[in-house]
file upload.csv (CSV, C-alpha atoms)
chain,number,residue,atom,x,y,z
J,10,MET,CA,75.6,18.5,-15.7
J,11,SER,CA,78.6,17.7,-17.9
J,12,GLU,CA,80.0,20.3,-20.3
J,13,GLU,CA,78.9,18.3,-23.2
J,14,HIS,CA,75.3,18.1,-22.0
J,15,ASP,CA,75.4,21.8,-21.3
J,16,ILE,CA,76.5,22.6,-24.9
J,17,PHE,CA,73.9,20.2,-26.2
J,18,GLU,CA,71.0,21.7,-24.3
J,19,LYS,CA,72.1,25.4,-24.7
J,20,GLU,CA,73.5,25.5,-28.2
J,21,LEU,CA,72.1,22.5,-30.2
J,22,LEU,CA,68.7,21.8,-28.9
J,23,PRO,CA,67.3,25.3,-29.5
J,24,HIS,CA,67.5,24.7,-33.2
J,25,ILE,CA,65.1,21.7,-33.1
J,26,ASN,CA,62.2,23.6,-34.6
J,27,ALA,CA,64.2,24.7,-37.6
J,28,LEU,CA,65.6,21.2,-38.1
J,29,LYS,CA,62.1,19.8,-37.9
J,30,THR,CA,60.9,22.2,-40.6
J,31,PHE,CA,63.8,21.3,-42.9
J,32,ALA,CA,63.4,17.6,-42.3
J,33,PHE,CA,59.6,17.8,-42.9
J,34,HIS,CA,60.1,19.4,-46.3
J,35,LEU,CA,62.8,16.9,-47.2
J,36,THR,CA,60.7,13.8,-46.3
J,37,TYR,CA,57.1,15.0,-46.7
J,38,ASP,CA,56.3,12.9,-43.6
J,39,ASP,CA,56.0,14.0,-40.0
J,40,GLU,CA,57.2,10.7,-38.5
J,41,GLU,CA,60.1,10.4,-40.9
J,42,ALA,CA,61.0,14.0,-40.1
J,43,ASN,CA,61.0,13.2,-36.4
J,44,ASP,CA,63.3,10.2,-37.0
J,45,LEU,CA,65.6,12.4,-39.1
J,46,VAL,CA,65.8,15.1,-36.4
J,47,GLN,CA,66.4,12.5,-33.7
J,48,GLU,CA,69.2,10.8,-35.8
J,49,THR,CA,70.7,14.3,-36.3
J,50,TYR,CA,70.9,14.9,-32.6
J,51,MET,CA,72.3,11.5,-31.9
J,52,LYS,CA,75.1,12.1,-34.4
J,53,ALA,CA,75.7,15.6,-33.1
J,54,HIS,CA,76.0,14.2,-29.6
J,55,ARG,CA,78.3,11.4,-30.7
J,56,PHE,CA,80.6,13.9,-32.5
J,57,ILE,CA,80.1,16.8,-30.1
J,58,ASP,CA,83.9,17.0,-29.5
J,59,ARG,CA,84.2,18.2,-33.1
J,60,TYR,CA,81.9,21.1,-32.4
J,61,ILE,CA,83.6,24.3,-31.2
J,62,GLN,CA,81.5,26.0,-28.6
J,63,GLY,CA,80.0,29.3,-29.7
J,64,THR,CA,80.4,28.7,-33.4
J,65,ASN,CA,77.6,28.1,-35.9
J,66,ALA,CA,75.7,25.3,-34.3
J,67,LYS,CA,72.7,25.7,-36.6
J,68,ALA,CA,74.7,25.3,-39.8
J,69,TRP,CA,76.6,22.3,-38.3
J,70,LEU,CA,73.3,20.6,-37.4
J,71,PHE,CA,71.8,21.3,-40.8
J,72,LYS,CA,74.8,19.7,-42.4
J,73,ILE,CA,74.5,16.6,-40.2
J,74,LEU,CA,70.8,16.4,-41.1
J,75,LYS,CA,71.4,16.8,-44.8
J,76,ASN,CA,74.0,14.1,-44.7
J,77,ALA,CA,71.7,11.8,-42.7
J,78,TYR,CA,68.9,12.4,-45.2
J,79,ILE,CA,71.2,11.5,-48.1
J,80,ASN,CA,72.5,8.4,-46.4
J,81,HIS,CA,69.2,7.0,-45.1
J,82,TYR,CA,66.1,8.7,-46.3
J,83,ARG,CA,66.5,9.6,-49.9
J,84,LYS,CA,66.2,6.0,-51.0
J,85,ARG,CA,63.0,5.7,-49.1
J,86,SER,CA,61.6,9.0,-50.1
J,87,LYS,CA,58.0,8.8,-51.2
J,88,GLN,CA,58.4,11.4,-53.9
J,89,PRO,CA,61.9,11.1,-55.3
J,90,THR,CA,62.4,14.3,-57.3
J,91,ARG,CA,66.2,14.6,-57.5
J,92,VAL,CA,67.4,15.9,-60.9
J,93,ASP,CA,70.8,16.6,-62.3
J,94,PHE,CA,71.1,20.3,-62.9
J,95,GLU,CA,72.6,19.6,-66.3
J,96,ASP,CA,69.3,18.0,-67.2
J,97,VAL,CA,67.4,21.2,-66.4
J,98,ILE,CA,68.6,22.9,-69.5
J,99,ASN,CA,68.7,26.7,-69.0
J,100,TYR,CA,65.4,26.6,-67.1
J,101,HIS,CA,64.4,30.2,-66.6
J,102,ASP,CA,68.0,31.3,-67.0
J,103,THR,CA,67.6,34.3,-69.2
J,104,ASP,CA,66.8,37.9,-68.6
J,105,GLU,CA,63.7,37.5,-70.7
J,106,ASN,CA,62.4,34.6,-68.7
J,107,LEU,CA,63.2,36.3,-65.4
J,108,GLY,CA,60.9,39.1,-66.4
J,109,GLN,CA,58.1,36.7,-67.4
J,110,GLY,CA,58.6,34.5,-64.4
J,111,TYR,CA,58.4,37.3,-62.0
J,112,LEU,CA,55.1,37.3,-60.2
J,113,ASP,CA,52.9,40.3,-60.4
J,114,LEU,CA,50.6,39.0,-57.7
J,115,ARG,CA,48.4,41.5,-55.9
J,116,GLU,CA,49.1,42.0,-52.2
J,117,GLU,CA,45.7,40.6,-51.2
J,118,LEU,CA,46.4,37.4,-53.2
J,119,PHE,CA,49.6,37.0,-51.3
J,120,SER,CA,48.0,37.4,-48.0
J,121,ASN,CA,45.0,35.2,-48.9
J,122,MET,CA,47.1,32.3,-50.2
J,123,MET,CA,47.1,29.4,-47.8
J,124,GLY,CA,50.2,28.0,-46.3
J,125,ASP,CA,49.4,24.6,-47.8
J,126,GLU,CA,49.7,26.0,-51.3
J,127,VAL,CA,53.1,27.5,-50.5
J,128,THR,CA,54.2,24.3,-48.9
J,129,ASN,CA,53.0,22.3,-51.9
J,130,ALA,CA,54.8,24.6,-54.2
J,131,ILE,CA,58.0,24.3,-52.3
J,132,ASN,CA,57.7,20.5,-51.9
J,133,SER,CA,57.1,20.1,-55.6
J,134,LEU,CA,60.5,21.5,-56.4
J,135,PRO,CA,63.2,19.0,-57.2
J,136,ILE,CA,65.2,18.2,-54.1
J,137,ASP,CA,68.3,20.3,-54.8
J,138,PHE,CA,66.3,23.4,-55.7
J,139,ARG,CA,64.0,22.9,-52.7
J,140,THR,CA,67.0,22.6,-50.4
J,141,VAL,CA,68.5,25.9,-51.3
J,142,VAL,CA,65.1,27.7,-50.9
J,143,LEU,CA,64.6,26.2,-47.5
J,144,LEU,CA,68.1,27.0,-46.4
J,145,CYS,CA,68.2,30.6,-47.7
J,146,ASP,CA,64.6,31.9,-47.9
J,147,VAL,CA,63.1,30.0,-44.9
J,148,GLU,CA,66.1,29.7,-42.6
J,149,GLY,CA,68.2,32.7,-43.6
J,150,PHE,CA,71.5,31.0,-44.2
J,151,THR,CA,74.1,32.9,-46.2
J,152,TYR,CA,75.5,31.7,-49.5
J,153,GLU,CA,78.7,30.7,-47.7
J,154,GLU,CA,76.8,28.7,-45.1
J,155,ILE,CA,74.7,27.0,-47.6
J,156,SER,CA,77.7,26.1,-49.7
J,157,LYS,CA,79.2,24.4,-46.7
J,158,ILE,CA,76.0,22.6,-45.7
J,159,ILE,CA,75.4,21.1,-49.1
J,160,ASP,CA,79.0,20.8,-50.3
J,161,VAL,CA,78.7,22.8,-53.5
J,162,PRO,CA,80.5,26.0,-54.6
J,163,ILE,CA,78.9,29.4,-53.8
J,164,GLY,CA,78.3,30.0,-57.5
J,165,THR,CA,76.3,26.9,-57.6
J,166,VAL,CA,74.3,27.9,-54.6
J,167,ARG,CA,73.4,31.2,-56.3
J,168,SER,CA,72.6,29.6,-59.6
J,169,ARG,CA,70.3,27.0,-57.8
J,170,LEU,CA,68.6,29.8,-55.8
J,171,PHE,CA,68.0,31.8,-58.9
J,172,ARG,CA,66.4,28.9,-60.7
J,173,ALA,CA,64.5,27.6,-57.6
J,174,ARG,CA,62.9,31.0,-57.0
J,175,ASN,CA,61.8,31.3,-60.5
J,176,MET,CA,60.3,27.8,-60.5
J,177,LEU,CA,58.6,28.6,-57.2
J,178,LYS,CA,57.2,31.9,-58.6
J,179,GLU,CA,55.8,30.0,-61.6
J,180,LYS,CA,54.2,27.4,-59.4
J,181,LEU,CA,52.6,30.1,-57.2
J,182,LYS,CA,51.5,31.9,-60.2
J,183,SER,CA,49.7,28.7,-61.4
J,184,TYR,CA,48.0,28.4,-58.0
J,185,ALA,CA,47.0,32.1,-58.2
J,186,GLU,CA,45.6,31.6,-61.7
J,187,SER,CA,43.7,28.5,-60.6
J,188,ARG,CA,42.0,30.7,-58.1
J,189,GLY,CA,40.8,33.1,-60.8
J,190,TYR,CA,43.5,35.7,-60.8
J,191,LYS,CA,45.1,36.6,-64.1
J,192,ASP,CA,48.4,38.2,-64.5
J,193,LYS,CA,47.5,41.7,-65.7
J,194,ARG,CA,50.5,41.9,-68.0
J,195,SER,CA,49.8,38.6,-69.8
J,196,GLN,CA,46.1,39.6,-69.9
J,197,ASN,CA,47.0,43.0,-71.4
J,198,LYS,CA,49.2,41.3,-73.9
J,199,THR,CA,46.4,38.9,-74.9
J,200,ASP,CA,44.0,41.8,-75.2
J,201,ARG,CA,46.4,43.7,-77.4
J,202,THR,CA,47.1,40.6,-79.6
J,203,SER,CA,43.4,40.0,-79.8
J,204,LYS,CA,42.7,43.6,-80.7
J,205,PHE,CA,45.5,43.7,-83.2
J,206,GLY,CA,44.3,40.4,-84.7
J,207,SER,CA,40.8,41.7,-85.2
J,208,GLU,CA,42.0,44.9,-86.8
J,209,GLN,CA,43.9,42.8,-89.3
J,210,GLU,CA,40.9,40.8,-90.3
L,19,MET,CA,69.6,39.2,-65.1
L,20,ASP,CA,68.5,42.8,-64.8
L,21,GLU,CA,71.2,44.7,-62.8
L,22,ILE,CA,68.7,46.2,-60.3
L,23,GLN,CA,67.0,42.8,-59.8
L,24,LYS,CA,70.4,41.2,-59.2
L,25,ARG,CA,71.3,43.8,-56.6
L,26,VAL,CA,67.9,43.5,-54.9
L,27,THR,CA,68.3,39.7,-54.7
L,28,LEU,CA,71.8,40.1,-53.2
L,29,TYR,CA,70.4,42.6,-50.7
L,30,PHE,CA,67.7,40.2,-49.4
L,31,ASP,CA,70.3,37.4,-49.4
L,32,ASN,CA,72.5,39.5,-47.1
L,33,ALA,CA,75.2,39.3,-49.7
L,34,LEU,CA,75.9,43.0,-50.3
L,35,GLY,CA,78.5,45.0,-48.5
L,36,GLU,CA,77.4,48.0,-46.3
L,37,ARG,CA,78.3,50.6,-49.0
L,38,GLU,CA,76.4,48.6,-51.7
L,39,ARG,CA,73.4,48.2,-49.4
L,40,ASN,CA,73.3,51.9,-48.7
L,41,GLU,CA,73.6,52.7,-52.4
L,42,LEU,CA,70.8,50.4,-53.3
L,43,LEU,CA,68.5,51.8,-50.6
L,44,GLU,CA,69.2,55.3,-51.8
L,45,GLN,CA,68.3,54.2,-55.3
L,46,VAL,CA,65.1,52.5,-54.0
L,47,ASN,CA,64.1,55.8,-52.4
L,48,GLN,CA,64.7,57.8,-55.5
L,49,ASP,CA,63.7,55.5,-58.4
L,50,PRO,CA,60.1,54.2,-58.5
L,51,LYS,CA,61.1,51.3,-60.8
L,52,CYS,CA,63.8,50.2,-58.4
L,53,SER,CA,61.4,50.7,-55.5
L,54,LYS,CA,58.8,48.5,-57.2
L,55,ILE,CA,61.3,45.7,-57.8
L,56,PHE,CA,62.6,46.0,-54.2
L,57,ASN,CA,59.1,45.8,-52.7
L,58,LYS,CA,58.1,42.9,-54.9
L,59,GLU,CA,61.1,40.9,-53.8
L,60,LYS,CA,60.6,41.9,-50.2
L,61,ASN,CA,57.0,40.7,-50.3
L,62,PHE,CA,57.9,37.5,-52.0
L,63,ARG,CA,60.5,36.7,-49.4
L,64,ALA,CA,58.2,37.6,-46.5
L,65,PHE,CA,55.4,35.6,-48.1
L,66,ILE,CA,57.5,32.4,-48.3
L,67,LYS,CA,58.9,32.8,-44.8
L,68,ASP,CA,55.5,33.4,-43.3
L,69,LYS,CA,53.4,30.8,-45.2
L,70,VAL,CA,55.7,27.8,-45.2
L,71,LYS,CA,54.5,25.0,-43.0
L,72,ARG,CA,56.5,24.7,-39.8
L,73,PRO,CA,55.4,21.5,-38.1
L,74,ASP,CA,55.2,21.3,-34.4
L,75,VAL,CA,58.0,19.7,-32.4
L,76,SER,CA,56.4,17.4,-29.9
L,77,SER,CA,57.6,17.3,-26.3
L,78,ASP,CA,57.9,13.5,-26.9
L,79,LEU,CA,60.5,14.0,-29.5
L,80,ILE,CA,62.5,16.3,-27.3
L,81,GLN,CA,62.2,13.8,-24.4
L,82,ASN,CA,63.2,10.9,-26.6
L,83,ILE,CA,66.3,12.7,-27.7
L,84,MET,CA,67.2,13.7,-24.1
L,85,ASN,CA,66.6,10.2,-22.9
L,86,LYS,CA,68.9,8.7,-25.6
L,87,ILE,CA,71.8,11.1,-24.9
L,88,ARG,CA,71.7,10.3,-21.2
L,89,ILE,CA,72.3,6.6,-21.8

call {"tool": "encode", "arguments": {"input": "upload.csv", "output": "structure tokens"}}
result
Amino acid sequence: MSEEHDIFEKELLPHINALKTFAFHLTYDDEEANDLVQETYMKAHRFIDRYIQGTNAKAWLFKILKNAYINHYRKRSKQPTRVDFEDVINYHDTDENLGQGYLDLREELFSNMMGDEVTNAINSLPIDFRTVVLLCDVEGFTYEEISKIIDVPIGTVRSRLFRARNMLKEKLKSYAESRGYKDKRSQNKTDRTSKFGSEQE
Amino acid sequence: MDEIQKRVTLYFDNALGERERNELLEQVNQDPKCSKIFNKEKNFRAFIKDKVKRPDVSSDLIQNIMNKIRI
């Protein structure tokens, strides 16, 4: 076996599950995700001389996949959701909103919520927000690694993560409420308002 | 952002230094409010990681890739 094949099999191929998950959540389609993963490995193999053995293979592969997606798949995406961050004006970007957006879900609700609901919530995020959640919260990349993978400054990574998580929590909260669970704090607030209102009448 | 929440977020993002991590953990052990924020964030992160769909990688996909790179 050549040294290149050895590197490919021992350092690159073990990340195929993580790549498939990332590709699936970018494309929403199993077949397209497979194509994207395959293209990623073809490119990695073609440029394997640029990879330094023993370095961060996973981050390198994710960057290749992200670029492949941008080049070939975004135009064909079934649900184009890209937004400019400037257009998301101060979404959940204040201390007050952080508190409100923070889920107060019960433990049992967390445990009972289906994977499909979480997947749908993640997939409904605009692409740039979805990407940072997948890279950080699902794959465990650091801010620095994410910054290199998606070519944005670390401050932007943090800002996107902050907003993405709050959006995700809001979406999960909506799912929870649709299943009959009411946020106790908002319920209490409603109760107090109602009581106060009746006392005024 | 609330200072404790900010530090908890950085903790779970592995973005705190060792001293800051230890200081936060000490505060979590002593301050119920901090502990609540910490556990809530911990549960949220675990929840996302556990529940997100991770589609199978078929042996065909792996075989296709290996076949192509052997050409």

call {"tool": "atom_distance", "arguments": {"input": "upload.csv", "atom1": "CA of Pro135 in chain J", "atom2": "CA of Leu34 in chain L"}}
result
28.0 Å

call {"tool": "closest_residue", "arguments": {"input": "upload.csv", "among": "J:Cys145, J:Leu177, J:Ile159, J:Ile61", "to": "Tyr78 in chain J", "atoms": "only C-alpha atoms"}}
result
J:Ile159

call {"tool": "interface_residues", "arguments": {"input": "upload.csv", "of": "chain L", "to": "chain J", "cutoff": "7 Å", "atoms": "all atoms listed in the file", "output": "PDB file with C-alpha atoms, in the coordinates of the input"}}
result
ATOM      1  CA  MET L  19      69.600  39.200 -65.100  1.00  0.00           C
ATOM      2  CA  ASP L  20      68.500  42.800 -64.800  1.00  0.00           C
ATOM      3  CA  ASP L  31      70.300  37.400 -49.400  1.00  0.00           C
ATOM      4  CA  ASN L  32      72.500  39.500 -47.100  1.00  0.00           C
ATOM      5  CA  ARG L  63      60.500  36.700 -49.400  1.00  0.00           C
ATOM      6  CA  PHE L  65      55.400  35.600 -48.100  1.00  0.00           C
ATOM      7  CA  ILE L  66      57.500  32.400 -48.300  1.00  0.00           C
ATOM      8  CA  LYS L  67      58.900  32.800 -44.800  1.00  0.00           C
ATOM      9  CA  LYS L  69      53.400  30.800 -45.200  1.00  0.00           C
ATOM     10  CA  VAL L  70      55.700  27.800 -45.200  1.00  0.00           C
ATOM     11  CA  LYS L  71      54.500  25.000 -43.000  1.00  0.00           C
ATOM     12  CA  ARG L  72      56.500  24.700 -39.800  1.00  0.00           C
ATOM     13  CA  PRO L  73      55.400  21.500 -38.100  1.00  0.00           C
ATOM     14  CA  VAL L  75      58.000  19.700 -32.400  1.00  0.00           C
ATOM     15  CA  LEU L  79      60.500  14.000 -29.500  1.00  0.00           C
ATOM     16  CA  ILE L  83      66.300  12.700 -27.700  1.00  0.00           C
TER      17      ILE L  83
END

call {"tool": "atom_distance", "arguments": {"input": "upload.csv", "atom1": "CA of Phe138 in chain J", "atom2": "CA of Ile155 in chain J"}}
result
12.2 Å

call {"tool": "atom_distance", "arguments": {"input": "upload.csv", "atom1": "CA of Gly63 in chain J", "atom2": "CA of Ile16 in chain J"}}
result
9.0 Å

call {"tool": "decode", "arguments": {"input": "upload.csv", "residues": "chain L", "atoms": "C-alpha atoms", "output": "JSON list (two decimals), in the first residue's frame"}}
result
[["chain", "number", "residue", "atom", "x", "y", "z"],
["L", 19, "MET", "CA", -25.21, 38.52, 27.89],
["L", 20, "ASP", "CA", -25.27, 37.60, 31.55],
["L", 21, "GLU", "CA", -21.71, 37.09, 32.75],
["L", 22, "ILE", "CA", -22.32, 33.62, 34.18],
["L", 23, "GLN", "CA", -24.13, 32.47, 31.06],
["L", 24, "LYS", "CA", -21.26, 33.79, 28.94],
["L", 25, "ARG", "CA", -18.69, 31.86, 30.96],
["L", 26, "VAL", "CA", -20.82, 28.71, 30.94],
["L", 27, "THR", "CA", -21.14, 28.96, 27.15],
["L", 28, "LEU", "CA", -17.39, 29.35, 26.80],
["L", 29, "TYR", "CA", -16.87, 26.41, 29.15],
["L", 30, "PHE", "CA", -18.94, 24.05, 27.01],
["L", 31, "ASP", "CA", -17.32, 25.44, 23.86],
["L", 32, "ASN", "CA", -13.93, 24.50, 25.35],
["L", 33, "ALA", "CA", -12.91, 28.12, 25.11],
["L", 34, "LEU", "CA", -11.90, 28.75, 28.72],
["L", 35, "GLY", "CA", -8.38, 28.43, 30.09],
["L", 36, "GLU", "CA", -7.70, 25.91, 32.82],
["L", 37, "ARG", "CA", -7.81, 28.48, 35.63],
["L", 38, "GLU", "CA", -11.07, 29.97, 34.33],
["L", 39, "ARG", "CA", -12.57, 26.49, 34.03],
["L", 40, "ASN", "CA", -11.66, 25.67, 37.60],
["L", 41, "GLU", "CA", -13.02, 28.99, 38.86],
["L", 42, "LEU", "CA", -16.30, 28.39, 37.08],
["L", 43, "LEU", "CA", -16.64, 24.85, 38.40],
["L", 44, "GLU", "CA", -16.00, 26.12, 41.91],
["L", 45, "GLN", "CA", -18.72, 28.71, 41.46],
["L", 46, "VAL", "CA", -21.07, 26.05, 40.08],
["L", 47, "ASN", "CA", -20.53, 23.99, 43.23],
["L", 48, "GLN", "CA", -21.19, 26.92, 45.55],
["L", 49, "ASP", "CA", -23.85, 29.00, 43.79],
["L", 50, "PRO", "CA", -27.24, 27.37, 43.07],
["L", 51, "LYS", "CA", -28.08, 29.98, 40.41],
["L", 52, "CYS", "CA", -24.82, 29.30, 38.61],
["L", 53, "SER", "CA", -25.35, 25.57, 38.99],
["L", 54, "LYS", "CA", -28.80, 25.83, 37.40],
["L", 55, "ILE", "CA", -27.47, 27.76, 34.40],
["L", 56, "PHE", "CA", -24.60, 25.31, 34.07],
["L", 57, "ASN", "CA", -26.83, 22.23, 34.13],
["L", 58, "LYS", "CA", -29.34, 23.74, 31.77],
["L", 59, "GLU", "CA", -26.64, 24.44, 29.21],
["L", 60, "LYS", "CA", -25.09, 21.01, 29.78],
["L", 61, "ASN", "CA", -28.45, 19.34, 29.14],
["L", 62, "PHE", "CA", -29.10, 21.42, 26.05],
["L", 63, "ARG", "CA", -25.74, 20.54, 24.52],
["L", 64, "ALA", "CA", -26.13, 16.85, 25.32],
["L", 65, "PHE", "CA", -29.67, 16.91, 23.98],
["L", 66, "ILE", "CA", -28.62, 18.33, 20.61],
["L", 67, "LYS", "CA", -25.69, 15.97, 20.30],
["L", 68, "ASP", "CA", -27.71, 12.90, 21.22],
["L", 69, "LYS", "CA", -30.84, 13.62, 19.24],
["L", 70, "VAL", "CA", -29.51, 14.98, 15.95],
["L", 71, "LYS", "CA", -29.98, 12.61, 13.05],
["L", 72, "ARG", "CA", -26.80, 10.83, 12.05],
["L", 73, "PRO", "CA", -27.55, 8.99, 8.82],
["L", 74, "ASP", "CA", -25.88, 5.69, 8.15],
["L", 75, "VAL", "CA", -22.88, 5.45, 5.91],
["L", 76, "SER", "CA", -23.44, 2.55, 3.58],
["L", 77, "SER", "CA", -20.70, 0.09, 2.75],
["L", 78, "ASP", "CA", -21.43, 0.92, -0.90],
["L", 79, "LEU", "CA", -20.40, 4.53, -0.37],
["L", 80, "ILE", "CA", -17.14, 3.51, 1.22],
["L", 81, "GLN", "CA", -16.51, 0.96, -1.51],
["L", 82, "ASN", "CA", -17.25, 3.53, -4.24],
["L", 83, "ILE", "CA", -14.77, 5.94, -2.73],
["L", 84, "MET", "CA", -12.09, 3.28, -2.38],
["L", 85, "ASN", "CA", -12.65, 2.08, -5.93],
["L", 86, "LYS", "CA", -12.29, 5.59, -7.31],
["L", 87, "ILE", "CA", -9.10, 6.40, -5.51],
["L", 88, "ARG", "CA", -7.50, 3.16, -6.73],
["L", 89, "ILE", "CA", -7.97, 4.20, -10.37]]
